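A.B. asks: What follows is the file structure_28.cif, containing mmCIF, C-alpha atoms:
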data_my_file
#
loop_
_atom_site.label_atom_id
_atom_site.label_comp_id
_atom_site.auth_asym_id
_atom_site.auth_seq_id
_atom_site.Cartn_x
_atom_site.Cartn_y
_atom_site.Cartn_z
CA LYS A 17 11.28 -27.05 17.58
CA GLN A 18 14.88 -27.94 16.90
CA GLU A 19 17.35 -25.11 17.34
CA VAL A 20 20.97 -25.35 16.29
CA THR A 21 23.52 -22.98 17.76
CA GLN A 22 27.13 -22.43 16.82
CA ILE A 23 29.46 -20.56 19.10
CA PRO A 24 31.55 -18.54 18.51
CA ALA A 25 30.17 -16.74 15.48
CA ALA A 26 33.71 -15.85 14.43
CA LEU A 27 37.16 -17.13 15.32
CA SER A 28 40.63 -15.97 14.34
CA VAL A 29 43.70 -18.13 14.99
CA PRO A 30 47.35 -18.18 13.90
CA GLU A 31 48.44 -20.77 11.37
CA GLY A 32 49.40 -24.13 12.86
CA GLU A 33 47.04 -23.96 15.81
CA ASN A 34 44.65 -26.79 16.62
CA LEU A 35 41.10 -25.56 17.07
CA VAL A 36 37.61 -26.71 18.00
CA LEU A 37 34.32 -25.47 16.60
CA ASN A 38 31.18 -26.08 18.61
CA CYS A 39 27.64 -26.98 17.63
CA SER A 40 24.73 -27.55 20.00
CA PHE A 41 21.16 -28.64 19.33
CA THR A 42 18.08 -28.72 21.53
CA ASP A 43 16.33 -31.93 20.38
CA SER A 44 18.40 -35.10 20.62
CA ALA A 45 16.06 -37.11 18.34
CA ILE A 46 18.25 -36.68 15.28
CA TYR A 47 19.09 -38.99 12.39
CA ASN A 48 22.52 -37.55 11.78
CA LEU A 49 24.67 -34.44 12.00
CA GLN A 50 26.60 -33.01 9.10
CA TRP A 51 29.45 -30.48 9.05
CA PHE A 52 29.85 -28.23 6.00
CA ARG A 53 32.35 -25.68 4.79
CA GLN A 54 31.25 -22.59 2.89
CA ASP A 55 33.61 -20.21 1.13
CA PRO A 56 32.39 -16.62 0.54
CA GLY A 57 29.70 -16.46 -2.14
CA LYS A 58 29.84 -20.21 -2.75
CA GLY A 59 27.78 -23.29 -1.99
CA LEU A 60 28.26 -25.73 0.87
CA THR A 61 30.86 -28.47 0.77
CA SER A 62 30.14 -31.52 2.91
CA LEU A 63 33.00 -32.31 5.28
CA LEU A 64 31.76 -35.05 7.61
CA LEU A 65 28.53 -36.89 8.34
CA ILE A 66 27.98 -38.55 11.70
CA GLN A 67 25.04 -40.93 12.03
CA SER A 68 23.08 -40.81 15.28
CA SER A 69 24.55 -44.17 16.34
CA GLN A 70 28.15 -42.99 15.85
CA ARG A 71 30.39 -41.02 18.19
CA GLU A 72 32.89 -39.57 15.74
CA GLN A 73 34.12 -39.38 12.18
CA THR A 74 37.53 -38.45 10.83
CA SER A 75 38.75 -37.14 7.51
CA GLY A 76 42.35 -36.04 7.21
CA ARG A 77 42.97 -33.19 9.65
CA LEU A 78 39.29 -33.03 10.60
CA ASN A 79 37.61 -34.93 13.40
CA ALA A 80 33.96 -34.51 14.31
CA SER A 81 32.40 -35.87 17.47
CA LEU A 82 28.77 -36.30 18.46
CA ASP A 83 27.25 -36.52 21.93
CA LYS A 84 23.59 -36.92 21.17
CA SER A 85 22.43 -37.10 24.77
CA SER A 86 23.93 -33.71 25.61
CA GLY A 87 23.04 -32.19 22.24
CA ARG A 88 26.60 -31.33 21.26
CA SER A 89 29.01 -31.81 18.40
CA THR A 90 32.52 -30.53 17.91
CA LEU A 91 34.65 -30.16 14.80
CA TYR A 92 38.35 -30.42 15.55
CA ILE A 93 40.78 -29.03 12.98
CA ALA A 94 44.40 -30.00 13.47
CA ALA A 95 47.35 -27.88 12.38
CA SER A 96 45.20 -25.16 10.84
CA GLN A 97 46.22 -23.55 7.53
CA PRO A 98 45.20 -20.28 5.85
CA GLY A 99 43.28 -22.40 3.30
CA ASP A 100 41.00 -23.53 6.12
CA SER A 101 39.59 -20.00 6.35
CA ALA A 102 35.87 -20.28 5.62
CA THR A 103 32.52 -20.46 7.38
CA TYR A 104 31.75 -23.81 8.97
CA LEU A 105 28.14 -24.87 9.39
CA CYS A 106 26.63 -27.77 11.23
CA ALA A 107 23.24 -29.22 10.40
CA VAL A 108 21.08 -31.88 12.04
CA SER A 109 18.67 -34.14 10.20
CA MET A 110 15.35 -34.57 11.99
CA GLY A 111 13.88 -37.12 9.59
CA ASN A 112 11.22 -36.50 6.95
CA ASN A 113 13.88 -34.58 5.02
CA ASP A 114 13.88 -31.89 7.70
CA MET A 115 17.41 -30.54 8.15
CA ARG A 116 18.15 -27.67 10.55
CA PHE A 117 21.23 -25.53 10.12
CA GLY A 118 23.29 -23.49 12.51
CA ALA A 119 24.27 -19.93 11.59
CA GLY A 120 27.92 -20.94 11.19
CA THR A 121 31.31 -20.04 12.62
CA ARG A 122 33.48 -17.82 10.42
CA LEU A 123 37.06 -19.03 10.77
CA THR A 124 40.10 -16.97 9.81
CA VAL A 125 43.53 -18.60 9.93
CA LYS A 126 46.28 -16.00 9.80
CA PRO A 127 49.61 -16.82 8.13
CA ASP B 7 31.96 -37.55 -7.11
CA VAL B 8 28.49 -36.12 -6.74
CA LYS B 9 27.94 -33.08 -8.85
CA VAL B 10 25.13 -30.60 -8.36
CA THR B 11 25.02 -27.72 -10.81
CA GLN B 12 22.90 -24.59 -10.88
CA SER B 13 22.07 -22.72 -14.05
CA SER B 14 23.36 -19.31 -13.00
CA ARG B 15 25.83 -18.02 -10.42
CA TYR B 16 24.45 -14.48 -10.52
CA LEU B 17 21.08 -13.24 -11.69
CA VAL B 18 19.52 -9.77 -11.71
CA LYS B 19 15.78 -9.48 -12.32
CA ARG B 20 13.16 -6.79 -12.06
CA THR B 21 10.20 -6.75 -9.69
CA GLY B 22 7.27 -8.68 -11.14
CA GLU B 23 9.33 -10.83 -13.50
CA LYS B 24 8.92 -14.59 -13.55
CA VAL B 25 12.23 -16.21 -12.59
CA PHE B 26 13.40 -19.77 -13.17
CA LEU B 27 16.30 -21.29 -11.23
CA GLU B 28 17.48 -24.66 -12.49
CA CYS B 29 19.32 -27.38 -10.62
CA VAL B 30 20.74 -30.59 -12.06
CA GLN B 31 22.38 -33.51 -10.24
CA ASP B 32 24.22 -36.40 -11.83
CA MET B 33 24.10 -39.06 -9.08
CA ASP B 34 20.61 -40.45 -9.55
CA HIS B 35 19.50 -39.02 -6.20
CA GLU B 36 15.84 -39.27 -5.32
CA ASN B 37 15.76 -36.24 -3.02
CA MET B 38 16.30 -32.69 -4.19
CA PHE B 39 16.00 -29.50 -2.16
CA TRP B 40 15.83 -25.74 -2.59
CA TYR B 41 17.06 -23.48 0.21
CA ARG B 42 17.60 -19.79 0.55
CA GLN B 43 20.36 -18.33 2.67
CA ASP B 44 20.18 -14.88 4.22
CA PRO B 45 22.54 -13.17 6.66
CA GLY B 46 21.40 -13.69 10.23
CA LEU B 47 18.71 -16.20 9.20
CA GLY B 48 20.87 -19.08 7.97
CA LEU B 49 19.57 -21.65 5.51
CA ARG B 50 15.83 -22.13 5.23
CA LEU B 51 14.09 -24.84 3.24
CA ILE B 52 11.74 -23.62 0.52
CA TYR B 53 10.65 -26.91 -1.12
CA PHE B 54 11.90 -30.42 -1.52
CA SER B 55 11.07 -33.31 -3.82
CA TYR B 56 11.52 -37.05 -3.22
CA ASP B 57 10.48 -38.25 -6.66
CA VAL B 58 9.55 -37.05 -10.11
CA LYS B 59 6.45 -34.84 -9.98
CA MET B 60 6.40 -35.04 -6.17
CA LYS B 61 6.99 -31.99 -3.99
CA GLU B 62 6.67 -30.99 -0.36
CA LYS B 63 6.59 -27.50 1.14
CA GLY B 64 9.39 -26.47 3.40
CA ASP B 65 9.45 -23.64 5.91
CA ILE B 66 9.04 -20.72 3.51
CA PRO B 67 7.19 -21.78 0.31
CA GLU B 68 5.19 -18.56 -0.12
CA GLY B 69 5.96 -16.82 -3.40
CA TYR B 70 7.70 -19.88 -4.85
CA SER B 71 6.74 -22.97 -6.81
CA VAL B 72 8.79 -25.92 -8.04
CA SER B 73 8.84 -28.38 -10.88
CA ARG B 74 10.42 -31.82 -11.16
CA GLU B 75 9.69 -33.39 -14.51
CA LYS B 76 12.88 -35.48 -14.61
CA LYS B 77 14.72 -37.16 -11.76
CA GLU B 78 17.94 -35.20 -12.29
CA ARG B 79 16.38 -31.74 -12.58
CA PHE B 80 14.59 -29.59 -9.99
CA SER B 81 13.45 -26.09 -10.85
CA LEU B 82 12.53 -23.26 -8.53
CA ILE B 83 10.09 -20.69 -9.91
CA LEU B 84 9.45 -17.22 -8.59
CA GLU B 85 6.05 -16.43 -10.09
CA SER B 86 6.37 -12.67 -9.61
CA ALA B 87 9.73 -11.66 -8.19
CA SER B 88 9.81 -9.20 -5.32
CA THR B 89 12.69 -7.36 -3.68
CA ASN B 90 12.39 -9.47 -0.53
CA GLN B 91 13.33 -12.50 -2.62
CA THR B 92 16.81 -11.10 -3.15
CA SER B 93 18.94 -13.84 -1.66
CA MET B 94 21.39 -16.67 -2.21
CA TYR B 95 19.56 -19.78 -3.47
CA LEU B 96 21.10 -23.18 -2.86
CA CYS B 97 20.08 -26.48 -4.38
CA ALA B 98 20.95 -29.83 -2.80
CA SER B 99 20.38 -33.51 -3.45
CA SER B 100 20.61 -36.76 -1.51
CA LEU B 101 19.60 -40.37 -1.63
CA LEU B 102 16.08 -41.20 -0.45
CA GLY B 103 15.67 -41.07 3.32
CA SER B 104 16.97 -38.85 6.07
CA SER B 105 20.20 -40.68 6.89
CA TYR B 106 22.17 -39.58 3.87
CA GLU B 107 24.43 -36.65 3.14
CA GLN B 108 23.07 -33.68 1.31
CA TYR B 109 25.26 -32.40 -1.53
CA PHE B 110 24.99 -28.78 -2.48
CA GLY B 111 25.38 -26.82 -5.69
CA PRO B 112 27.44 -23.62 -6.00
CA GLY B 113 24.46 -21.34 -5.36
CA THR B 114 22.70 -18.61 -7.33
CA ARG B 115 22.91 -15.06 -6.04
CA LEU B 116 19.62 -13.47 -7.13
CA THR B 117 19.07 -9.73 -6.96
CA VAL B 118 15.58 -8.35 -7.57
CA THR B 119 15.49 -4.62 -8.27
#
In structure tokens, how does this file's structure come out?

C.D. replies:
Amino acid sequence: KQEVTQIPAALSVPEGENLVLNCSFTDSAIYNLQWFRQDPGKGLTSLLLIQSSQREQTSGRLNASLDKSSGRSTLYIAASQPGDSATYLCAVSMGNNDMRFGAGTRLTVKP
Amino acid sequence: DVKVTQSSRYLVKRTGEKVFLECVQDMDHENMFWYRQDPGLGLRLIYFSYDVKMKEKGDIPEGYSVSREKKERFSLILESASTNQTSMYLCASSLLGSSYEQYFGPGTRLTVT
């Protein structure tokens, strides 16, 4: 059974710092991996989608990488801002519309 | 831009009531999903649908049913609400197949008293 783990569960950094969020998964037979942002009490906003054949995707200050063989993905946030404070979730698609989510990393960026 | 809307942001119901949660998407997506999100348990799939009138059980379908009469609309029904169904409910949609992004609605925070 696929298990998705995100470490750390919470992270606090000063504004301007570059940071990396980690996601690991136990079964490498995935279709894709998706990173989401969730603000308190709100739904999920899709940030980046990496297909299983890709190594990375970039959007603005965000860069996500995927190493399928080792079961790892990272989300790199450059020059963090207080507006980046949120919970970040990763999810892997197993096919047959089966998507498995991590528990998330709660990020706080202090001014 | 894909837009997924949910009928209510907050809902308070009594034990035993029948509850309807509505989800509408405007991008002609074939797939639609209902999840619930609980602290410490993450997101869990309740049901999904890949076409009108088609549905598949997810991980936790007990106590729930769904309806998809039109492509853009997917309803989650709690036949007889119980306190353990107090949760955040999230609807999502995507194109057909497993390689596509899922787009989520804003969520409905349901409290059953």

A.B. asks: Nearest to Ser105 in chain B: which of A:Gln73, A:Gln97, A:Ser86, A:Ser68 is it, counting all atoms listed in the file?

C.D. replies: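 Among A:Gln73, A:Gln97, A:Ser86, A:Ser68, it is A:Ser68 that comes nearest to Ser105 in chain B.
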
A.B. asks: What's the 9 Å shell around range 68-81 of chain B, counting all atoms listed in the file, without same-chain residues fewer than 2 positions away, as a ChimeraX atom specification?

C.D. replies: /B:26-40,52-55,57-61,65-66,83-88,91,97

A.B. asks: If you measure from CA of Gln54 in chain A to CA of Ala102 in chain A, what distance in Å do you get, rounded to one decimal?

C.D. replies: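 About the pair CA of Gln54 in chain A and CA of Ala102 in chain A: they are 5.8 Å apart.
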
A.B. asks: Applying 12 Å and all atoms listed in the file, which residues near Ser81 in chain A remain after dropping the ones on its own chain fewer than 5 positions away? List them as a PyMOL selection string.

C.D. replies: chain A and resi 36-40+48-51+64-75+86-93+106

A.B. asks: Using all atoms listed in the file, can you tell me which of A:Phe41, A:Lys58, A:Val29, A:Gln22 comes closest to Tyr16 in chain B?

C.D. replies: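 Ranked by minimum distance to Tyr16 in chain B, first place goes to A:Lys58.
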
A.B. asks: With distances taken over all atoms listed in the file, which residue among B:Glu107, B:Glu62, B:Asp44, B:Glu23 lies nearest chain A?

C.D. replies: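 Among the listed residues, the smallest separation from chain A belongs to B:Glu107.
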
A.B. asks: Quick check, in Å to one decimal: how far apart do CA of Arg77 in chain A and CA of Asp100 in chain A lie?

C.D. replies: 10.5 Å

A.B. asks: Compute the set of chain A residues within 12 Å of chain B, using all atoms listed in the file, and express it as a short mmCIF file (atom, residue, chain, number, x, y, z; two decimals) with C-alpha atoms, in the frame of the given file.

C.D. replies:
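Result file is out-v1.cif:
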data_model
loop_
_atom_site.label_atom_id
_atom_site.label_comp_id
_atom_site.auth_asym_id
_atom_site.auth_seq_id
_atom_site.Cartn_x
_atom_site.Cartn_y
_atom_site.Cartn_z
CA GLU A 19 17.35 -25.11 17.34
CA VAL A 20 20.97 -25.35 16.29
CA THR A 21 23.52 -22.98 17.76
CA GLN A 22 27.13 -22.43 16.82
CA ALA A 25 30.17 -16.74 15.48
CA ILE A 46 18.25 -36.68 15.28
CA TYR A 47 19.09 -38.99 12.39
CA ASN A 48 22.52 -37.55 11.78
CA LEU A 49 24.67 -34.44 12.00
CA GLN A 50 26.60 -33.01 9.10
CA TRP A 51 29.45 -30.48 9.05
CA PHE A 52 29.85 -28.23 6.00
CA ARG A 53 32.35 -25.68 4.79
CA GLN A 54 31.25 -22.59 2.89
CA ASP A 55 33.61 -20.21 1.13
CA PRO A 56 32.39 -16.62 0.54
CA GLY A 57 29.70 -16.46 -2.14
CA LYS A 58 29.84 -20.21 -2.75
CA GLY A 59 27.78 -23.29 -1.99
CA LEU A 60 28.26 -25.73 0.87
CA THR A 61 30.86 -28.47 0.77
CA SER A 62 30.14 -31.52 2.91
CA LEU A 63 33.00 -32.31 5.28
CA LEU A 64 31.76 -35.05 7.61
CA LEU A 65 28.53 -36.89 8.34
CA ILE A 66 27.98 -38.55 11.70
CA GLN A 67 25.04 -40.93 12.03
CA SER A 68 23.08 -40.81 15.28
CA SER A 69 24.55 -44.17 16.34
CA THR A 103 32.52 -20.46 7.38
CA TYR A 104 31.75 -23.81 8.97
CA LEU A 105 28.14 -24.87 9.39
CA CYS A 106 26.63 -27.77 11.23
CA ALA A 107 23.24 -29.22 10.40
CA VAL A 108 21.08 -31.88 12.04
CA SER A 109 18.67 -34.14 10.20
CA MET A 110 15.35 -34.57 11.99
CA GLY A 111 13.88 -37.12 9.59
CA ASN A 112 11.22 -36.50 6.95
CA ASN A 113 13.88 -34.58 5.02
CA ASP A 114 13.88 -31.89 7.70
CA MET A 115 17.41 -30.54 8.15
CA ARG A 116 18.15 -27.67 10.55
CA PHE A 117 21.23 -25.53 10.12
CA GLY A 118 23.29 -23.49 12.51
CA ALA A 119 24.27 -19.93 11.59
CA GLY A 120 27.92 -20.94 11.19
CA THR A 121 31.31 -20.04 12.62
#

A.B. asks: Could you please determine the separation between CA of Pro67 in chain B and CA of Thr42 in chain A in Å, to one decimal place?

C.D. replies: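 These atoms are spaced 24.8 Å apart.
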
A.B. asks: Could you give me the centre and size, in Å to one decimal, of an axis-aligned box around all listed atoms of range 103-110 of chain A with 6 Å added on every side, as AutoDock Vina command-line options?

C.D. replies:
--center_x 23.9 --center_y -27.5 --center_z 9.7 --size_x 29.2 --size_y 26.1 --size_z 16.7

A.B. asks: Taking the file as I've supplied it (selection: the PyMOL selection byres ((chain B and resi 18) around 6)), which residues are included? Please answer as a ChimeraX atom specification.

C.D. replies: /B:17,19,116-118

A.B. asks: Here's the selection I'm unsure about, the PyMOL selection byres ((chain A and resi 94) around 8); applied to the file above, which residues does it give, as a PyMOL selection string?

C.D. replies: chain A and resi 32-35+77-78+92-93+95-96

A.B. asks: Quick one: everything within 6 Å of Val125 in chain A, counting all atoms listed in the file, minus sequence neighbours fewer than 6 positions away in the same chain. Send it as a short mmCIF file (atom, residue, chain, number, x, y, z; two decimals) with C-alpha atoms, in the coordinates of the input.

C.D. replies:
data_model
loop_
_atom_site.label_atom_id
_atom_site.label_comp_id
_atom_site.auth_asym_id
_atom_site.auth_seq_id
_atom_site.Cartn_x
_atom_site.Cartn_y
_atom_site.Cartn_z
CA SER A 28 40.63 -15.97 14.34
CA VAL A 29 43.70 -18.13 14.99
CA PRO A 30 47.35 -18.18 13.90
CA GLU A 31 48.44 -20.77 11.37
CA PRO A 98 45.20 -20.28 5.85
CA SER A 101 39.59 -20.00 6.35
#

A.B. asks: Which of these residues is nearest to Ser44 in chain A, using only C-alpha atoms: A:Lys84, A:Pro24, A:Asn79, A:Thr124?

C.D. replies: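 Of A:Lys84, A:Pro24, A:Asn79, A:Thr124, the one nearest Ser44 in chain A, counting only C-alpha atoms, is A:Lys84.
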